[in-house]
$ cat structure_19.cif   # mmCIF, C-alpha atoms
data_entry
#
loop_
_atom_site.group_PDB
_atom_site.id
_atom_site.type_symbol
_atom_site.label_atom_id
_atom_site.label_comp_id
_atom_site.auth_asym_id
_atom_site.auth_seq_id
_atom_site.Cartn_x
_atom_site.Cartn_y
_atom_site.Cartn_z
ATOM 1 C CA MET A 70 0.000 0.000 0.000
ATOM 2 C CA PRO A 71 1.471 3.379 -0.950
ATOM 3 C CA SER A 72 2.420 5.828 1.770
ATOM 4 C CA PRO A 73 0.124 8.859 2.173
ATOM 5 C CA THR A 74 1.002 12.155 0.552
ATOM 6 C CA PRO A 75 -0.438 14.716 2.997
ATOM 7 C CA HIS A 76 1.414 17.673 1.475
ATOM 8 C CA ARG A 77 -0.552 17.207 -1.756
ATOM 9 C CA PRO A 78 -4.220 17.377 -0.780
ATOM 10 C CA VAL A 79 -5.242 17.091 -4.452
ATOM 11 C CA LEU A 80 -3.327 14.911 -6.884
ATOM 12 C CA LEU A 81 -3.395 16.525 -10.332
ATOM 13 C CA GLY A 82 -2.578 14.668 -13.522
ATOM 14 C CA LEU A 83 -3.293 13.916 -17.156
ATOM 15 C CA ALA A 84 -4.426 10.903 -19.162
ATOM 16 C CA MET A 85 -0.881 10.112 -20.338
ATOM 17 C CA TRP A 86 2.687 11.187 -19.812
ATOM 18 C CA SER A 87 3.983 10.966 -23.394
ATOM 19 C CA HIS A 88 2.577 13.221 -26.101
ATOM 20 C CA ASN A 89 4.514 14.727 -28.991
ATOM 21 C CA HIS A 90 2.668 18.048 -28.793
ATOM 22 C CA TRP A 91 4.102 18.679 -25.331
ATOM 23 C CA GLN A 92 7.700 18.690 -26.552
ATOM 24 C CA GLN A 93 8.003 22.484 -26.336
ATOM 25 C CA SER A 94 5.655 23.171 -23.440
ATOM 26 C CA LEU A 95 6.058 20.389 -20.881
ATOM 27 C CA TYR A 96 9.305 18.607 -21.708
ATOM 28 C CA GLY A 97 11.508 21.154 -23.432
ATOM 29 C CA SER A 98 12.841 20.820 -26.963
ATOM 30 C CA GLY A 99 15.914 18.783 -25.991
ATOM 31 C CA CYS A 100 14.004 16.151 -24.050
ATOM 32 C CA LYS A 101 14.367 12.587 -25.337
ATOM 33 C CA SER A 102 11.296 10.370 -25.482
ATOM 34 C CA GLY A 103 12.679 8.127 -22.754
ATOM 35 C CA ASP A 104 12.938 11.095 -20.383
ATOM 36 C CA ARG A 105 9.361 12.305 -20.806
ATOM 37 C CA LEU A 106 7.958 10.590 -17.712
ATOM 38 C CA ALA A 107 10.602 12.182 -15.493
ATOM 39 C CA LYS A 108 9.863 15.617 -16.975
ATOM 40 C CA TYR A 109 6.127 15.062 -16.594
ATOM 41 C CA ALA A 110 6.596 14.103 -12.936
ATOM 42 C CA GLU A 111 8.390 17.386 -12.245
ATOM 43 C CA VAL A 112 5.070 19.182 -12.839
ATOM 44 C CA PHE A 113 2.218 16.764 -12.178
ATOM 45 C CA HIS A 114 1.577 14.539 -9.164
ATOM 46 C CA THR A 115 -0.040 11.542 -10.841
ATOM 47 C CA VAL A 116 -0.927 10.006 -14.211
ATOM 48 C CA GLU A 117 -3.475 7.589 -15.609
ATOM 49 C CA GLY A 118 -1.698 4.414 -16.632
ATOM 50 C CA ASN A 119 -3.995 3.435 -19.472
ATOM 51 C CA THR A 120 -1.365 1.334 -21.245
ATOM 52 C CA THR A 121 -1.903 -1.576 -18.857
ATOM 53 C CA PHE A 122 -5.516 -1.852 -20.026
ATOM 54 C CA TYR A 123 -4.294 -2.970 -23.453
ATOM 55 C CA ALA A 124 -1.145 -4.894 -22.552
ATOM 56 C CA THR A 125 0.877 -5.749 -19.472
ATOM 57 C CA PRO A 126 4.301 -4.080 -19.679
ATOM 58 C CA SER A 127 7.574 -5.903 -19.225
ATOM 59 C CA LEU A 128 9.165 -6.086 -15.808
ATOM 60 C CA GLY A 129 12.038 -3.952 -17.082
ATOM 61 C CA THR A 130 9.648 -1.228 -18.227
ATOM 62 C CA VAL A 131 7.904 -1.210 -14.856
ATOM 63 C CA LYS A 132 11.238 -0.731 -13.093
ATOM 64 C CA LYS A 133 12.080 2.172 -15.424
ATOM 65 C CA TRP A 134 8.775 3.854 -14.581
ATOM 66 C CA HIS A 135 9.589 3.481 -10.903
ATOM 67 C CA ASP A 136 13.056 4.941 -11.266
ATOM 68 C CA ALA A 137 11.829 7.878 -13.377
ATOM 69 C CA THR A 138 9.450 9.229 -10.736
ATOM 70 C CA PRO A 139 9.863 10.695 -7.244
ATOM 71 C CA ASP A 140 8.719 8.795 -4.173
ATOM 72 C CA ASP A 141 5.525 10.803 -3.778
ATOM 73 C CA PHE A 142 4.400 10.399 -7.394
ATOM 74 C CA ARG A 143 1.276 8.272 -7.870
ATOM 75 C CA PHE A 144 0.212 6.139 -10.820
ATOM 76 C CA THR A 145 -3.329 4.857 -11.332
ATOM 77 C CA PHE A 146 -3.056 1.699 -13.417
ATOM 78 C CA LYS A 147 -6.030 0.016 -15.055
ATOM 79 C CA PHE A 148 -6.506 -3.698 -14.723
ATOM 80 C CA PRO A 149 -6.067 -5.335 -18.160
ATOM 81 C CA GLN A 150 -9.123 -5.575 -20.389
ATOM 82 C CA ALA A 151 -8.717 -9.359 -20.373
ATOM 83 C CA ILE A 152 -9.802 -9.189 -16.715
ATOM 84 C CA THR A 153 -12.426 -6.439 -16.808
ATOM 85 C CA HIS A 154 -13.975 -6.836 -20.254
ATOM 86 C CA GLN A 155 -13.288 -10.338 -21.543
ATOM 87 C CA GLN A 156 -13.664 -12.191 -18.231
ATOM 88 C CA GLN A 157 -15.808 -9.469 -16.613
ATOM 89 C CA LEU A 158 -14.022 -10.144 -13.291
ATOM 90 C CA ALA A 159 -14.910 -13.861 -13.229
ATOM 91 C CA HIS A 160 -12.484 -16.809 -13.289
ATOM 92 C CA CYS A 161 -9.470 -14.515 -13.551
ATOM 93 C CA ASP A 162 -7.426 -15.183 -10.405
ATOM 94 C CA GLN A 163 -4.356 -16.253 -12.371
ATOM 95 C CA LEU A 164 -4.605 -13.258 -14.701
ATOM 96 C CA VAL A 165 -4.751 -10.941 -11.685
ATOM 97 C CA ALA A 166 -1.831 -12.677 -9.987
ATOM 98 C CA ASP A 167 0.304 -12.495 -13.133
ATOM 99 C CA PHE A 168 -0.489 -8.814 -13.648
ATOM 100 C CA LEU A 169 0.236 -7.792 -10.069
ATOM 101 C CA SER A 170 3.447 -9.812 -10.090
ATOM 102 C CA VAL A 171 4.797 -7.835 -13.034
ATOM 103 C CA MET A 172 3.656 -4.524 -11.502
ATOM 104 C CA ALA A 173 5.126 -5.321 -8.073
ATOM 105 C CA PRO A 174 8.159 -2.976 -8.363
ATOM 106 C CA LEU A 175 5.721 -0.043 -8.573
ATOM 107 C CA VAL A 176 3.369 -1.058 -5.775
ATOM 108 C CA ASP A 177 4.562 1.750 -3.485
ATOM 109 C CA LYS A 178 3.748 4.337 -6.174
ATOM 110 C CA VAL A 179 0.304 3.133 -7.208
ATOM 111 C CA GLY A 180 -2.347 5.373 -5.715
ATOM 112 C CA LEU A 181 -5.262 3.425 -7.196
ATOM 113 C CA TRP A 182 -5.626 0.234 -9.166
ATOM 114 C CA THR A 183 -8.581 1.037 -11.387
ATOM 115 C CA ILE A 184 -11.309 -1.298 -12.567
ATOM 116 C CA GLN A 185 -12.941 0.132 -15.689
ATOM 117 C CA LEU A 186 -16.019 -1.943 -16.445
ATOM 118 C CA PRO A 187 -17.825 -2.189 -19.802
ATOM 119 C CA ALA A 188 -21.301 -0.786 -20.383
ATOM 120 C CA GLN A 189 -22.805 -4.279 -20.376
ATOM 121 C CA PHE A 190 -21.563 -4.870 -16.829
ATOM 122 C CA GLY A 191 -24.855 -4.158 -15.087
ATOM 123 C CA PRO A 192 -26.687 -4.800 -11.812
ATOM 124 C CA ASP A 193 -26.753 -8.561 -12.404
ATOM 125 C CA HIS A 194 -22.947 -8.550 -12.329
ATOM 126 C CA LEU A 195 -22.522 -6.885 -8.931
ATOM 127 C CA GLY A 196 -21.906 -10.281 -7.378
ATOM 128 C CA ALA A 197 -18.841 -10.719 -9.589
ATOM 129 C CA LEU A 198 -17.563 -7.296 -8.545
ATOM 130 C CA GLU A 199 -18.063 -8.136 -4.874
ATOM 131 C CA GLN A 200 -16.224 -11.444 -5.235
ATOM 132 C CA PHE A 201 -13.405 -9.731 -7.123
ATOM 133 C CA LEU A 202 -12.994 -7.068 -4.435
ATOM 134 C CA ASN A 203 -13.074 -9.747 -1.738
ATOM 135 C CA ARG A 204 -10.170 -11.587 -3.383
ATOM 136 C CA LEU A 205 -7.919 -8.531 -3.537
ATOM 137 C CA PRO A 206 -5.428 -7.964 -0.718
ATOM 138 C CA ARG A 207 -6.806 -6.163 2.311
ATOM 139 C CA HIS A 208 -6.591 -2.351 2.115
ATOM 140 C CA PHE A 209 -5.870 -2.659 -1.607
ATOM 141 C CA PRO A 210 -6.339 0.873 -3.032
ATOM 142 C CA VAL A 211 -8.883 0.537 -5.807
ATOM 143 C CA GLY A 212 -11.144 2.672 -7.974
ATOM 144 C CA VAL A 213 -14.156 1.391 -9.907
ATOM 145 C CA GLU A 214 -15.630 2.990 -13.030
ATOM 146 C CA VAL A 215 -19.041 1.785 -14.209
ATOM 147 C CA ARG A 216 -20.861 2.678 -17.419
ATOM 148 C CA HIS A 217 -24.132 0.756 -17.318
ATOM 149 C CA PRO A 218 -27.100 3.201 -17.363
ATOM 150 C CA ALA A 219 -28.724 1.573 -14.319
ATOM 151 C CA PHE A 220 -25.873 2.773 -12.123
ATOM 152 C CA PHE A 221 -26.736 6.404 -12.915
ATOM 153 C CA GLN A 222 -30.484 6.381 -12.283
ATOM 154 C CA LYS A 223 -30.356 6.838 -8.486
ATOM 155 C CA GLY A 224 -32.436 3.686 -8.101
ATOM 156 C CA GLU A 225 -31.841 0.456 -6.247
ATOM 157 C CA ALA A 226 -29.055 -0.671 -8.615
ATOM 158 C CA GLU A 227 -27.008 2.447 -7.942
ATOM 159 C CA LYS A 228 -27.660 2.197 -4.211
ATOM 160 C CA GLN A 229 -26.408 -1.395 -4.232
ATOM 161 C CA LEU A 230 -23.294 -0.375 -6.147
ATOM 162 C CA ASN A 231 -22.508 2.498 -3.799
ATOM 163 C CA ARG A 232 -23.078 0.339 -0.711
ATOM 164 C CA LEU A 233 -20.745 -2.292 -2.131
ATOM 165 C CA LEU A 234 -18.034 0.282 -2.787
ATOM 166 C CA LEU A 235 -18.486 1.845 0.655
ATOM 167 C CA ASP A 236 -18.247 -1.547 2.343
ATOM 168 C CA HIS A 237 -14.976 -2.297 0.540
ATOM 169 C CA GLN A 238 -13.586 1.253 0.759
ATOM 170 C CA ALA A 239 -13.383 1.272 -3.027
ATOM 171 C CA ASN A 240 -13.446 4.644 -4.737
ATOM 172 C CA ARG A 241 -16.115 5.322 -7.343
ATOM 173 C CA ILE A 242 -14.443 6.876 -10.403
ATOM 174 C CA ILE A 243 -16.418 9.845 -11.688
ATOM 175 C CA MET A 244 -16.505 10.605 -15.401
ATOM 176 C CA ASP A 245 -17.383 14.204 -16.237
ATOM 177 C CA SER A 246 -17.800 14.287 -20.008
ATOM 178 C CA ARG A 247 -20.181 17.255 -20.084
ATOM 179 C CA PRO A 248 -17.562 19.697 -21.427
ATOM 180 C CA VAL A 249 -16.506 17.631 -24.441
ATOM 181 C CA PHE A 250 -20.099 16.829 -25.408
ATOM 182 C CA ALA A 251 -20.847 20.556 -25.294
ATOM 183 C CA ALA A 252 -18.301 21.066 -28.088
ATOM 184 C CA ALA A 253 -19.495 21.098 -31.680
ATOM 185 C CA PRO A 254 -18.204 18.091 -33.687
ATOM 186 C CA THR A 255 -15.955 20.227 -35.889
ATOM 187 C CA THR A 256 -12.692 18.275 -35.682
ATOM 188 C CA GLU A 257 -11.715 14.630 -35.964
ATOM 189 C CA ALA A 258 -10.588 14.618 -32.325
ATOM 190 C CA ILE A 259 -13.940 15.908 -31.058
ATOM 191 C CA ILE A 260 -15.887 13.504 -33.278
ATOM 192 C CA ASP A 261 -13.751 10.629 -32.022
ATOM 193 C CA ALA A 262 -14.316 11.687 -28.405
ATOM 194 C CA HIS A 263 -18.071 11.884 -28.970
ATOM 195 C CA GLN A 264 -18.009 8.337 -30.333
ATOM 196 C CA LYS A 265 -15.796 6.795 -27.663
ATOM 197 C CA LYS A 266 -16.366 8.681 -24.410
ATOM 198 C CA PRO A 267 -19.378 7.668 -22.329
ATOM 199 C CA GLN A 268 -22.026 10.335 -21.874
ATOM 200 C CA VAL A 269 -23.255 9.526 -18.393
ATOM 201 C CA PRO A 270 -24.629 11.705 -15.579
ATOM 202 C CA VAL A 271 -22.119 13.107 -13.111
ATOM 203 C CA HIS A 272 -22.767 11.626 -9.681
ATOM 204 C CA ALA A 273 -20.153 13.196 -7.437
ATOM 205 C CA ILE A 274 -20.091 10.711 -4.593
ATOM 206 C CA ALA A 275 -17.049 9.772 -2.550
ATOM 207 C CA THR A 276 -17.280 6.123 -1.474
ATOM 208 C CA ALA A 277 -13.745 6.087 -0.017
ATOM 209 C CA ASP A 278 -10.852 8.438 0.746
ATOM 210 C CA HIS A 279 -9.562 9.003 -2.795
ATOM 211 C CA PRO A 280 -12.400 9.982 -5.143
ATOM 212 C CA MET A 281 -11.166 10.129 -8.725
ATOM 213 C CA ILE A 282 -12.487 12.606 -11.285
ATOM 214 C CA ARG A 283 -11.896 12.216 -15.001
ATOM 215 C CA PHE A 284 -12.721 15.636 -16.468
ATOM 216 C CA ILE A 285 -13.039 15.391 -20.262
ATOM 217 C CA GLY A 286 -12.524 18.978 -21.300
ATOM 218 C CA HIS A 287 -13.855 21.269 -24.006
ATOM 219 C CA PRO A 288 -11.195 22.189 -26.608
ATOM 220 C CA GLU A 289 -11.686 25.898 -25.812
ATOM 221 C CA GLU A 290 -10.077 26.356 -22.410
ATOM 222 C CA ALA A 291 -12.386 29.088 -21.105
ATOM 223 C CA ASP A 292 -15.479 27.062 -22.027
ATOM 224 C CA ASN A 293 -14.539 24.551 -19.322
ATOM 225 C CA ASP A 294 -14.961 27.051 -16.492
ATOM 226 C CA PRO A 295 -18.768 26.756 -16.126
ATOM 227 C CA PHE A 296 -18.504 22.963 -15.958
ATOM 228 C CA PHE A 297 -15.648 23.047 -13.449
ATOM 229 C CA ALA A 298 -17.637 25.401 -11.209
ATOM 230 C CA ASN A 299 -19.454 22.368 -9.779
ATOM 231 C CA TRP A 300 -16.118 20.882 -8.758
ATOM 232 C CA LEU A 301 -15.084 24.155 -7.131
ATOM 233 C CA ALA A 302 -17.900 23.453 -4.684
ATOM 234 C CA ARG A 303 -17.522 19.691 -4.258
ATOM 235 C CA LEU A 304 -13.732 19.341 -4.072
ATOM 236 C CA PRO A 305 -13.377 21.770 -1.134
ATOM 237 C CA GLN A 306 -16.022 19.755 0.727
ATOM 238 C CA TRP A 307 -14.025 16.585 0.234
ATOM 239 C CA LEU A 308 -10.816 18.317 1.289
ATOM 240 C CA ALA A 309 -12.499 19.595 4.447
ATOM 241 C CA ASP A 310 -13.506 16.000 5.170
ATOM 242 C CA GLY A 311 -9.869 14.896 4.906
ATOM 243 C CA LYS A 312 -10.163 13.134 1.569
ATOM 244 C CA GLN A 313 -7.401 13.233 -1.048
ATOM 245 C CA PRO A 314 -8.975 13.404 -4.513
ATOM 246 C CA TYR A 315 -7.368 12.522 -7.825
ATOM 247 C CA LEU A 316 -8.136 15.010 -10.602
ATOM 248 C CA TYR A 317 -7.340 13.989 -14.184
ATOM 249 C CA ILE A 318 -7.776 16.407 -17.070
ATOM 250 C CA HIS A 319 -8.345 15.237 -20.656
ATOM 251 C CA THR A 320 -9.119 17.102 -23.873
ATOM 252 C CA PRO A 321 -10.168 15.628 -27.246
ATOM 253 C CA ASP A 322 -6.624 15.699 -28.672
ATOM 254 C CA ASN A 323 -4.833 16.369 -25.338
ATOM 255 C CA ASN A 324 -2.621 18.926 -27.083
ATOM 256 C CA ARG A 325 -3.269 21.582 -24.457
ATOM 257 C CA ALA A 326 -4.333 19.329 -21.615
ATOM 258 C CA PRO A 327 -1.373 20.480 -19.457
ATOM 259 C CA GLU A 328 -2.418 24.116 -19.809
ATOM 260 C CA LEU A 329 -6.054 23.326 -19.031
ATOM 261 C CA ALA A 330 -5.058 21.267 -15.985
ATOM 262 C CA VAL A 331 -3.033 24.150 -14.554
ATOM 263 C CA ARG A 332 -5.844 26.628 -15.304
ATOM 264 C CA LEU A 333 -8.459 24.576 -13.449
ATOM 265 C CA TYR A 334 -6.120 23.738 -10.577
ATOM 266 C CA GLN A 335 -5.385 27.425 -10.032
ATOM 267 C CA GLN A 336 -9.120 28.061 -9.769
ATOM 268 C CA LEU A 337 -9.336 25.320 -7.159
ATOM 269 C CA GLN A 338 -6.491 26.861 -5.175
ATOM 270 C CA LYS A 339 -8.643 29.947 -4.587
ATOM 271 C CA SER A 340 -11.576 27.994 -3.134
ATOM 272 C CA SER A 341 -9.724 25.244 -1.275
ATOM 273 C CA PRO A 342 -10.035 25.161 2.536
ATOM 274 C CA VAL A 343 -6.450 23.878 2.703
ATOM 275 C CA ALA A 344 -3.365 25.274 1.024
ATOM 276 C CA LEU A 345 -2.603 23.647 -2.311
ATOM 277 C CA PRO A 346 1.001 23.786 -3.575
ATOM 278 C CA ASP A 347 1.538 25.600 -6.859
ATOM 279 C CA VAL A 348 1.665 23.731 -10.152
ATOM 280 C CA CYS A 349 3.471 25.534 -12.960
ATOM 281 C CA LEU A 350 4.453 24.572 -16.475
ATOM 282 C CA PRO A 351 8.021 25.272 -17.615
ATOM 283 C CA PRO A 352 8.512 28.413 -19.693
ATOM 284 C CA ASP A 353 7.755 27.856 -23.385
ATOM 285 C CA ASP A 354 11.184 27.718 -25.019
ATOM 286 C CA SER A 355 9.865 28.028 -28.580
ATOM 287 C CA ALA A 356 10.030 31.835 -28.537
ATOM 288 C CA ALA A 357 13.602 31.771 -27.246
ATOM 289 C CA GLN A 358 14.611 29.325 -29.937
ATOM 290 C CA PHE A 359 12.947 31.456 -32.623
ATOM 291 C CA SER A 360 14.932 34.488 -31.494
ATOM 292 C CA LEU A 361 18.162 32.577 -32.052
ATOM 293 C CA LEU A 362 17.420 31.820 -35.688
#

$ encode --input "structure_19.cif" --output "structure tokens"
Amino acid sequence: MPSPTPHRPVLLGLAMWSHNHWQQSLYGSGCKSGDRLAKYAEVFHTVEGNTTFYATPSLGTVKKWHDATPDDFRFTFKFPQAITHQQQLAHCDQLVADFLSVMAPLVDKVGLWTIQLPAQFGPDHLGALEQFLNRLPRHFPVGVEVRHPAFFQKGEAEKQLNRLLLDHQANRIIMDSRPVFAAAPTTEAIIDAHQKKPQVPVHAIATADHPMIRFIGHPEEADNDPFFANWLARLPQWLADGKQPYLYIHTPDNNRAPELAVRLYQQLQKSSPVALPDVCLPPDDSAAQFSLL
């Protein structure tokens, strides 16, 4: 179980740590691709490890990720889709054991192991989720993301889900896709996001100590402010209650996700009941390089 990070009441991050568009803004023009994670971790506190959903990395890669990040950096790694989507959490003990064995060198830096469930995983499957959570090690830090419509209707199915998560101290992952669906489908990236991102109601409930928000942003930075206003009310409440939220910022193409993340975080700093350390992007070196030409 990772050690707590009390000096970072909110853990801010992005959906990835490697993106070519960030070469000038986040990494610096001389940064090699293999050094991107270390540069990313100088600014942000956490990152979504989506790569594990598609394939389990090699043990050597896992060790490199560990060595590239400071002790208080936190990953949130998804369980492989073979476990969550193909097996739907059933008859997968060996798959889980193999995955966690490979990821073991990073166990002290994993803030949440996330279980992203498919839309067809509905109320009738809650027994499989309960059995899966029961088989995980005690105090295993976990987040669960559901997409079945019944879990967003505030009926008995959602109550059962929330009770199950509360009983197991599992965090309910909250998808806020309102901003991106408010954008007109004028680019390939926005159209792709509209096709792939779930459009589900935002139920901002904290079922454990580390609620996780996935904020899927509008491509126009200022257009995100009205949607983030809700979080400027809820996040301070959670902080006052002693919770440590994870806040992940996406955009359709993620080109300016770092800038949007800093913008929204700075708004949160003003309304937070506890002091939040500054997050700043490195100076853009493109102008300096242009002046040397």

$ residues_around --input "structure_19.cif" --residues "region 193-210 of chain A" --least-positions-apart "5" --cutoff "12 Å" --atoms "all atoms listed in the file" --output "CSV table (one decimal) with C-alpha atoms, keeping the file's coordinate frame"
chain,number,residue,atom,x,y,z
A,70,MET,CA,0.0,0.0,0.0
A,71,PRO,CA,1.5,3.4,-1.0
A,72,SER,CA,2.4,5.8,1.8
A,73,PRO,CA,0.1,8.9,2.2
A,143,ARG,CA,1.3,8.3,-7.9
A,144,PHE,CA,0.2,6.1,-10.8
A,145,THR,CA,-3.3,4.9,-11.3
A,146,PHE,CA,-3.1,1.7,-13.4
A,148,PHE,CA,-6.5,-3.7,-14.7
A,152,ILE,CA,-9.8,-9.2,-16.7
A,153,THR,CA,-12.4,-6.4,-16.8
A,156,GLN,CA,-13.7,-12.2,-18.2
A,157,GLN,CA,-15.8,-9.5,-16.6
A,158,LEU,CA,-14.0,-10.1,-13.3
A,159,ALA,CA,-14.9,-13.9,-13.2
A,160,HIS,CA,-12.5,-16.8,-13.3
A,161,CYS,CA,-9.5,-14.5,-13.6
A,162,ASP,CA,-7.4,-15.2,-10.4
A,163,GLN,CA,-4.4,-16.3,-12.4
A,165,VAL,CA,-4.8,-10.9,-11.7
A,166,ALA,CA,-1.8,-12.7,-10.0
A,169,LEU,CA,0.2,-7.8,-10.1
A,176,VAL,CA,3.4,-1.1,-5.8
A,177,ASP,CA,4.6,1.8,-3.5
A,178,LYS,CA,3.7,4.3,-6.2
A,179,VAL,CA,0.3,3.1,-7.2
A,180,GLY,CA,-2.3,5.4,-5.7
A,181,LEU,CA,-5.3,3.4,-7.2
A,182,TRP,CA,-5.6,0.2,-9.2
A,183,THR,CA,-8.6,1.0,-11.4
A,184,ILE,CA,-11.3,-1.3,-12.6
A,185,GLN,CA,-12.9,0.1,-15.7
A,186,LEU,CA,-16.0,-1.9,-16.4
A,187,PRO,CA,-17.8,-2.2,-19.8
A,188,ALA,CA,-21.3,-0.8,-20.4
A,215,VAL,CA,-19.0,1.8,-14.2
A,217,HIS,CA,-24.1,0.8,-17.3
A,219,ALA,CA,-28.7,1.6,-14.3
A,220,PHE,CA,-25.9,2.8,-12.1
A,226,ALA,CA,-29.1,-0.7,-8.6
A,227,GLU,CA,-27.0,2.4,-7.9
A,228,LYS,CA,-27.7,2.2,-4.2
A,229,GLN,CA,-26.4,-1.4,-4.2
A,230,LEU,CA,-23.3,-0.4,-6.1
A,231,ASN,CA,-22.5,2.5,-3.8
A,232,ARG,CA,-23.1,0.3,-0.7
A,233,LEU,CA,-20.7,-2.3,-2.1
A,234,LEU,CA,-18.0,0.3,-2.8
A,235,LEU,CA,-18.5,1.8,0.7
A,236,ASP,CA,-18.2,-1.5,2.3
A,237,HIS,CA,-15.0,-2.3,0.5
A,238,GLN,CA,-13.6,1.3,0.8
A,239,ALA,CA,-13.4,1.3,-3.0
A,240,ASN,CA,-13.4,4.6,-4.7
A,241,ARG,CA,-16.1,5.3,-7.3
A,277,ALA,CA,-13.7,6.1,0.0
A,278,ASP,CA,-10.9,8.4,0.7
A,279,HIS,CA,-9.6,9.0,-2.8
A,280,PRO,CA,-12.4,10.0,-5.1
A,281,MET,CA,-11.2,10.1,-8.7

$ resolve_selection --input "structure_19.cif" --expression "the PyMOL selection byres ((chain A and resi 259-273) around 8)" --output "list in words"
Arg216, Pro218, Phe221, Ile243, Met244, Asp245, Ser246, Arg247, Val249, Phe250, Ala252, Ala253, Pro254, Thr255, Thr256, Glu257, Ala258, Ile274, Ala275, Arg303, Pro321 and Asp322 of chain A

$ atom_distance --input "structure_19.cif" --atom1 "CA of Gln336 (chain A)" --atom2 "CA of Trp86 (chain A)"
22.9 Å

$ atom_distance --input "structure_19.cif" --atom1 "CA of Ser87 (chain A)" --atom2 "CA of Phe122 (chain A)"
16.3 Å

$ resolve_selection --input "structure_19.cif" --expression "the PyMOL selection byres ((chain A and resi 345) around 8)" --output "list in words"
Arg77, Pro78, Val79, Gln338, Ser341, Val343, Ala344, Pro346 and Asp347 of chain A

$ resolve_selection --input "structure_19.cif" --expression "the PyMOL selection byres ((chain A and resi 351) around 12)" --output "list in words"
Trp91, Gln92, Gln93, Ser94, Leu95, Tyr96, Gly97, Ser98, Lys108, Tyr109, Glu111, Val112, Phe113, Pro327, Glu328, Val331, Val348, Cys349, Leu350, Pro352, Asp353, Asp354 and Ser355 of chain A

$ write_last_selection --input "structure_19.cif" --atoms "C-alpha atoms" --output "tab-separated table (two decimals), keeping the file's coordinate frame"
chain	number	residue	atom	x	y	z
A	91	TRP	CA	4.10	18.68	-25.33
A	92	GLN	CA	7.70	18.69	-26.55
A	93	GLN	CA	8.00	22.48	-26.34
A	94	SER	CA	5.66	23.17	-23.44
A	95	LEU	CA	6.06	20.39	-20.88
A	96	TYR	CA	9.30	18.61	-21.71
A	97	GLY	CA	11.51	21.15	-23.43
A	98	SER	CA	12.84	20.82	-26.96
A	108	LYS	CA	9.86	15.62	-16.98
A	109	TYR	CA	6.13	15.06	-16.59
A	111	GLU	CA	8.39	17.39	-12.24
A	112	VAL	CA	5.07	19.18	-12.84
A	113	PHE	CA	2.22	16.76	-12.18
A	327	PRO	CA	-1.37	20.48	-19.46
A	328	GLU	CA	-2.42	24.12	-19.81
A	331	VAL	CA	-3.03	24.15	-14.55
A	348	VAL	CA	1.66	23.73	-10.15
A	349	CYS	CA	3.47	25.53	-12.96
A	350	LEU	CA	4.45	24.57	-16.48
A	352	PRO	CA	8.51	28.41	-19.69
A	353	ASP	CA	7.76	27.86	-23.38
A	354	ASP	CA	11.18	27.72	-25.02
A	355	SER	CA	9.86	28.03	-28.58

$ closest_residue --input "structure_19.cif" --among "A:Cys100, A:Leu81, A:Val131, A:Val116" --to "Tyr334 (chain A)" --atoms "all atoms listed in the file"
A:Leu81

$ atom_distance --input "structure_19.cif" --atom1 "CA of Ile318 (chain A)" --atom2 "CA of Leu83 (chain A)"
5.1 Å

$ closest_residue --input "structure_19.cif" --among "A:Asn293, A:Ser102, A:Gln222, A:Thr115" --to "Asp141 (chain A)" --atoms "all atoms listed in the file"
A:Thr115

$ closest_residue --input "structure_19.cif" --among "A:Phe190, A:Glu290, A:Leu128, A:Ile282" --to "Leu304 (chain A)" --atoms "all atoms listed in the file"
A:Ile282

$ closest_residue --input "structure_19.cif" --among "A:Pro305, A:Pro314, A:Gln155, A:Thr320" --to "Gln189 (chain A)" --atoms "only C-alpha atoms"
A:Gln155
